[in-house]
Amino acid sequence: MDTWTFGWTLALIGMGGTMLVLWLISVMILLIRKIFPYQAEPSAAKKG
Amino acid sequence: MESALVSGLQGLFAGVLNITIWQIVMIAIALVLLYLGIKKGYEPLLLVPIGFGAILVNIPLADMMGKEGFLRFFYDAGVLTEVFPLLIFIGIGAMTDFQPLLQNPKIILLGAAGQFGIFLTLLLALALGFDKLDAVAVAVIGACDGPTAIYVSSKFAPHMLGAVSVAAYSYMSLVPLIQPPIMRALTTEKERQIVMGAAKLEPISKTTKIVFPIAVTIFASILAPKGAPLIGTVMLGNLLRESGVVERLKSASENEIANIVTLLLGLCIGATMEADKFLKAQTLLILGLGFIAISLDTVVGLLFGKLMCFMTGGKVNPLIGAAGISAFPMAARVVQAEGQKYNKKSYLLMHAMSANAGGQIGSVIAAAVMLSVLQGMGIVPG
């Protein structure tokens with residue numbers, strides 16, 4: 001593989017791949033938050 | 001008797017007689033590193049052992065990196081095996097609070113944009129004639145993350161480890177000087193004055209904090225298996241922190257282990273700075289490209305911030321884009337300080353911290369993606 005094919009392939013897939021993986025992680029965070037929502041501590045809830 | 005005396009004296013002064021001008025130059029460079037670390041406070045935890053290691057390895061006839069040299073032992077055991085940077089990653093994971101990111105996950109995209117400097121610098125390095133894997137090692141300085149740079153360069157270009165590590169840590173400590181001029185050049189005064197609403201800081205459940213490192217490890221490692229050691233160690237450290245049941249392990253990871261490994265890693269990096277290997281025109285190129293890499297990270301981060309500003313109708317201050325790098329929490333503090341200069345009512349810190357935490361994950365993911373693509377292209381063995 002010549003140098004420029006290597007460079008452009010790695011740069012384009014690298015940038016796109018990084019963006020895609022991080023976007024998927026952000027979606028995953030939203031899902032985890034939905035599945036495990038914050039609930040106030042029982043003692044705090046009672047006080048309120 | 002006379003000849004015995006001469007031989008004895010020659011033995012005593014052998015070091016003086018054998019020192020080269022280049023070793024003296026390297027010792028001077030090592031002293032500069034020590035000065036920057038001790039007097040100026042630039043990444044002293046790394047620059048002090050690096051500087052000292054560089055002195056030791058340039059002492060004539062001491063043979064510290066020889067077959068049975070004391071530094072060679074640690075270098076072979078910890079750097080060539082890539083164990084040292086990975087142990088540091090466990091400590092980083094244990095020290096990092098990902099809560100700002102969990103509260104504001106969309107900001108993680110700034111952490112992706114903040115890594116683009118890596119890939120753009122790769123093209124520059126190739127244009128300047130670096131070999132493919134050498135170019136990868138230089139480009140990864142743009143991860144703005146010392147252990148990632150060390151991990152990748154020790155894997156692909158161990159002969160450049162010294163220059164790459166010194167560049168990575170030096171520029172990381174210079175983020176407060178490098179970023180502000182770029183911020184001012186790429187944003188308008190009006191943009192810099194944007195007040196971002198108080199982040200919707202929904203509280204995050206403890207279960208979410210525990211599930212996050214496990215889920216990221218499984219998910220990201222399956223997508224980029226070659227990066228599993230990087231992702232896995234950061235997330236292991238974070239799990240130790242968030243689980244709340246292994247306080248001793250968490251404490252050891254962020255203190256004893258991280259401290260011992262930092263010391264040995266620094267010494268080993270210094271040990272790669274032998275005069276004949278370090279004093280080359282290529283080292284200057286590496287230092288120059290490292291600077292460009294970190295500047296490009298900032299440029300792309302800011303441009304992405306401007307895009308977010310446009311898409312949200314001016315609700316996002318583009319300055320937070322500059323925090324999408326891995327220098328945590330320094331980059332976030334720089335953004336906060338810069339925002340305050342133009343609008344005293346502007347508090348960007350929490351938003352910038354989210355971007356900065358995204359940059360920390362982003363640097364590891366970028367390296368993982370890079371390693372997996374290299375494997376896919378057949379450049380490195382599977």
# chains A, B, ... in the order shown; residues from 1 in each chain; ligands from 1
>>> closest_atom_pairs(of="chain A", to="chain B", cutoff="8 Å", atoms="only C-alpha atoms", output="tab-separated table")
residue	atom	partner	partner_atom	distance
A:Thr3	CA	B:Lys132	CA	7.0
A:Trp4	CA	B:Leu126	CA	7.8
A:Phe6	CA	B:Lys132	CA	7.8
A:Gly7	CA	B:Leu123	CA	5.7
A:Trp8	CA	B:Leu123	CA	7.2
A:Leu10	CA	B:Val373	CA	6.7
A:Ala11	CA	B:Phe119	CA	4.8
A:Leu12	CA	B:Phe119	CA	7.9
A:Ile13	CA	B:Val373	CA	7.5
A:Gly14	CA	B:Met370	CA	5.7
A:Met15	CA	B:Phe116	CA	6.1
A:Gly17	CA	B:Val369	CA	6.5
A:Thr18	CA	B:Ala366	CA	5.3
A:Met19	CA	B:Ala112	CA	5.2
A:Val21	CA	B:Ala220	CA	7.1
A:Leu22	CA	B:Leu109	CA	6.4
A:Trp23	CA	B:Leu109	CA	6.3
A:Ile25	CA	B:Val216	CA	7.0
A:Ser26	CA	B:Pro105	CA	5.0
A:Val27	CA	B:Pro105	CA	7.8
A:Ile29	CA	B:Leu102	CA	6.4
A:Leu30	CA	B:Pro105	CA	7.2
A:Ile32	CA	B:Thr208	CA	6.0
A:Arg33	CA	B:Thr208	CA	6.1
A:Phe36	CA	B:Thr208	CA	5.9
A:Pro37	CA	B:Ser205	CA	6.0
A:Tyr38	CA	B:Ser205	CA	4.2
A:Gln39	CA	B:Ser205	CA	6.9
>>> write_last_selection(atoms="C-alpha atoms", output="PDB file, in the first residue's frame")
ATOM      1  CA  THR A   3       2.061   6.061   1.629  1.00  0.00           C
ATOM      2  CA  TRP A   4      -0.802   8.341   0.657  1.00  0.00           C
ATOM      3  CA  PHE A   6      -2.291   4.547   3.875  1.00  0.00           C
ATOM      4  CA  GLY A   7      -2.364   8.101   5.230  1.00  0.00           C
ATOM      5  CA  TRP A   8      -5.746   9.130   3.882  1.00  0.00           C
ATOM      6  CA  LEU A  10      -6.135   5.922   8.331  1.00  0.00           C
ATOM      7  CA  ALA A  11      -7.023   9.615   8.678  1.00  0.00           C
ATOM      8  CA  LEU A  12     -10.538   9.308   7.292  1.00  0.00           C
ATOM      9  CA  ILE A  13     -11.490   6.053   9.010  1.00  0.00           C
ATOM     10  CA  GLY A  14      -9.724   7.217  12.155  1.00  0.00           C
ATOM     11  CA  MET A  15     -11.625  10.507  12.374  1.00  0.00           C
ATOM     12  CA  GLY A  17     -14.448   5.947  13.561  1.00  0.00           C
ATOM     13  CA  THR A  18     -13.554   8.031  16.610  1.00  0.00           C
ATOM     14  CA  MET A  19     -16.567  10.275  16.064  1.00  0.00           C
ATOM     15  CA  VAL A  21     -17.652   5.353  18.591  1.00  0.00           C
ATOM     16  CA  LEU A  22     -17.927   8.393  20.842  1.00  0.00           C
ATOM     17  CA  TRP A  23     -21.396   9.205  19.523  1.00  0.00           C
ATOM     18  CA  ILE A  25     -21.005   5.928  23.739  1.00  0.00           C
ATOM     19  CA  SER A  26     -23.082   9.082  24.276  1.00  0.00           C
ATOM     20  CA  VAL A  27     -26.203   7.172  23.176  1.00  0.00           C
ATOM     21  CA  ILE A  29     -24.863   6.793  28.412  1.00  0.00           C
ATOM     22  CA  LEU A  30     -28.390   8.090  27.760  1.00  0.00           C
ATOM     23  CA  ILE A  32     -27.897   3.593  30.945  1.00  0.00           C
ATOM     24  CA  ARG A  33     -29.313   6.719  32.576  1.00  0.00           C
ATOM     25  CA  PHE A  36     -30.900   3.222  36.045  1.00  0.00           C
ATOM     26  CA  PRO A  37     -32.450   6.611  36.857  1.00  0.00           C
ATOM     27  CA  TYR A  38     -31.400   8.533  39.903  1.00  0.00           C
ATOM     28  CA  GLN A  39     -33.595   7.977  42.896  1.00  0.00           C
TER      29      GLN A  39
END
>>> select_by_dssp(residues="chain A", states="alpha helix (DSSP H)", output="PyMOL selection string")
chain A and resi 3-35+42-47
>>> residues_around(residues="stretch 313-320 of chain B", least_positions_apart="6", cutoff="10 Å", atoms="only C-alpha atoms", output="ChimeraX atom specification")
/B:107,110,180,183-184,186-188,190-197,298,301-307,331-332,334-336,338-339,346,348-356
>>> write_last_selection(atoms="N, CA and C atoms", output="short mmCIF file (atom, residue, chain, number, x, y, z; two decimals), in the first residue's frame")
data_model
loop_
_atom_site.label_atom_id
_atom_site.label_comp_id
_atom_site.auth_asym_id
_atom_site.auth_seq_id
_atom_site.Cartn_x
_atom_site.Cartn_y
_atom_site.Cartn_z
N ILE B 107 -21.83 16.29 24.79
CA ILE B 107 -20.58 17.05 24.72
C ILE B 107 -19.40 16.13 24.38
N LEU B 110 -17.31 16.70 21.32
CA LEU B 110 -16.18 17.64 21.30
C LEU B 110 -14.88 16.91 21.60
N PRO B 180 -4.96 29.73 24.27
CA PRO B 180 -5.66 31.04 24.21
C PRO B 180 -5.50 31.82 22.90
N MET B 183 -7.78 30.28 20.43
CA MET B 183 -9.18 30.57 20.78
C MET B 183 -9.59 31.95 20.29
N ARG B 184 -8.70 32.91 20.54
CA ARG B 184 -9.04 34.29 20.14
C ARG B 184 -9.06 34.45 18.62
N LEU B 186 -9.92 32.19 16.41
CA LEU B 186 -10.99 31.46 15.70
C LEU B 186 -12.40 31.80 16.17
N THR B 187 -12.51 32.63 17.19
CA THR B 187 -13.86 32.98 17.66
C THR B 187 -14.02 34.50 17.66
N THR B 188 -15.26 34.94 17.51
CA THR B 188 -15.51 36.38 17.58
C THR B 188 -15.72 36.75 19.05
N LYS B 190 -18.15 38.28 20.23
CA LYS B 190 -19.55 37.99 20.57
C LYS B 190 -19.71 36.52 20.98
N GLU B 191 -19.04 35.65 20.23
CA GLU B 191 -19.13 34.22 20.55
C GLU B 191 -18.51 33.92 21.92
N ARG B 192 -17.39 34.58 22.19
CA ARG B 192 -16.70 34.31 23.46
C ARG B 192 -17.51 34.79 24.66
N GLN B 193 -18.46 35.71 24.38
CA GLN B 193 -19.25 36.26 25.49
C GLN B 193 -20.51 35.43 25.78
N ILE B 194 -20.79 34.45 24.96
CA ILE B 194 -22.03 33.68 25.14
C ILE B 194 -22.07 33.05 26.53
N VAL B 195 -23.18 33.27 27.20
CA VAL B 195 -23.37 32.67 28.52
C VAL B 195 -24.15 31.38 28.31
N MET B 196 -23.55 30.28 28.70
CA MET B 196 -24.27 29.01 28.56
C MET B 196 -25.10 28.82 29.82
N GLY B 197 -26.36 28.42 29.61
CA GLY B 197 -27.23 28.22 30.76
C GLY B 197 -26.62 27.22 31.72
N THR B 298 -6.90 21.78 18.96
CA THR B 298 -7.63 22.95 19.46
C THR B 298 -8.44 23.60 18.34
N GLY B 301 -11.42 21.37 17.50
CA GLY B 301 -12.36 21.43 18.63
C GLY B 301 -13.16 22.73 18.60
N LEU B 302 -12.46 23.85 18.38
CA LEU B 302 -13.14 25.15 18.33
C LEU B 302 -14.11 25.22 17.15
N LEU B 303 -13.69 24.70 16.01
CA LEU B 303 -14.58 24.73 14.84
C LEU B 303 -15.83 23.90 15.09
N PHE B 304 -15.64 22.78 15.77
CA PHE B 304 -16.79 21.94 16.11
C PHE B 304 -17.68 22.67 17.13
N GLY B 305 -17.05 23.39 18.03
CA GLY B 305 -17.80 24.20 18.99
C GLY B 305 -18.62 25.26 18.26
N LYS B 306 -18.04 25.85 17.23
CA LYS B 306 -18.76 26.88 16.44
C LYS B 306 -19.95 26.23 15.73
N LEU B 307 -19.73 25.01 15.24
CA LEU B 307 -20.83 24.30 14.58
C LEU B 307 -21.97 24.05 15.57
N ALA B 331 -7.26 21.97 30.41
CA ALA B 331 -7.92 22.59 29.26
C ALA B 331 -9.24 23.22 29.67
N ALA B 332 -9.96 22.56 30.58
CA ALA B 332 -11.24 23.12 31.04
C ALA B 332 -11.01 24.43 31.78
N VAL B 334 -8.56 26.51 31.31
CA VAL B 334 -8.17 27.53 30.32
C VAL B 334 -9.43 28.12 29.69
N VAL B 335 -10.39 27.25 29.35
CA VAL B 335 -11.64 27.72 28.73
C VAL B 335 -12.39 28.64 29.71
N GLN B 336 -12.47 28.21 30.95
CA GLN B 336 -13.16 29.03 31.96
C GLN B 336 -12.51 30.41 32.07
N GLU B 338 -10.63 31.98 29.91
CA GLU B 338 -10.77 32.76 28.68
C GLU B 338 -12.19 33.33 28.57
N GLY B 339 -13.18 32.51 28.92
CA GLY B 339 -14.57 32.97 28.88
C GLY B 339 -14.81 34.14 29.83
N SER B 346 -20.02 34.74 32.68
CA SER B 346 -19.94 33.46 31.98
C SER B 346 -19.21 32.43 32.84
N LEU B 348 -18.18 28.77 32.32
CA LEU B 348 -18.12 27.67 31.35
C LEU B 348 -17.52 26.41 31.96
N LEU B 349 -17.09 26.49 33.22
CA LEU B 349 -16.27 25.40 33.75
C LEU B 349 -16.95 24.02 33.67
N MET B 350 -18.21 23.94 34.10
CA MET B 350 -18.85 22.61 34.12
C MET B 350 -19.01 22.06 32.71
N HIS B 351 -19.36 22.93 31.76
CA HIS B 351 -19.50 22.49 30.37
C HIS B 351 -18.13 22.05 29.82
N ALA B 352 -17.13 22.86 30.16
CA ALA B 352 -15.78 22.55 29.67
C ALA B 352 -15.27 21.26 30.30
N MET B 353 -15.63 21.02 31.56
CA MET B 353 -15.22 19.76 32.21
C MET B 353 -15.82 18.56 31.51
N SER B 354 -17.09 18.71 31.07
CA SER B 354 -17.73 17.62 30.32
C SER B 354 -16.94 17.34 29.04
N ALA B 355 -16.60 18.42 28.33
CA ALA B 355 -15.84 18.26 27.08
C ALA B 355 -14.47 17.65 27.36
N ASN B 356 -13.87 18.09 28.47
CA ASN B 356 -12.54 17.61 28.82
C ASN B 356 -12.56 16.12 29.18
#
>>> atom_distance(atom1="atom CA of B:Val6", atom2="atom CA of B:Ile19")
19.1 Å
>>> residues_around(residues="B:Gly37", least_positions_apart="3", cutoff="10 Å", atoms="only C-alpha atoms", output="VMD selection string")
chain B and resid 31 to 34 40 to 51 170
>>> atom_distance(atom1="atom CA of B:Leu71", atom2="atom CA of B:Pro85")
16.6 Å
>>> residues_around(residues="stretch 277-287 of chain B", least_positions_apart="4", cutoff="10 Å", atoms="only C-alpha atoms", output="ChimeraX atom specification")
/B:22-23,25-26,125,128,130,134-135,137-139,141,159-168,170-171,272-273,291-293
>>> residues_around(residues="B:Tyr151", least_positions_apart="6", cutoff="9 Å", atoms="only C-alpha atoms", output="MDAnalysis selection string")
chainID B and resid 79 82:86 230
>>> atom_distance(atom1="atom CA of B:Gly227", atom2="atom CA of B:Ile214")
15.1 Å
>>> closest_residue(among="B:Ala62, B:Val234, B:Met311, B:Leu263", to="B:Ile90", atoms="only C-alpha atoms")
B:Val234
>>> residues_around(residues="B:Leu249", least_positions_apart="4", cutoff="12 Å", atoms="only C-alpha atoms", output="list of chain:residue names")
B:Ile90, B:Gly91, B:Ala94, B:Leu236, B:Gly237, B:Asn238, B:Leu239, B:Leu240, B:Arg241, B:Glu242, B:Ser243, B:Gly244, B:Val245, B:Ser253, B:Glu254, B:Asn255, B:Glu256, B:Ile257, B:Ala258
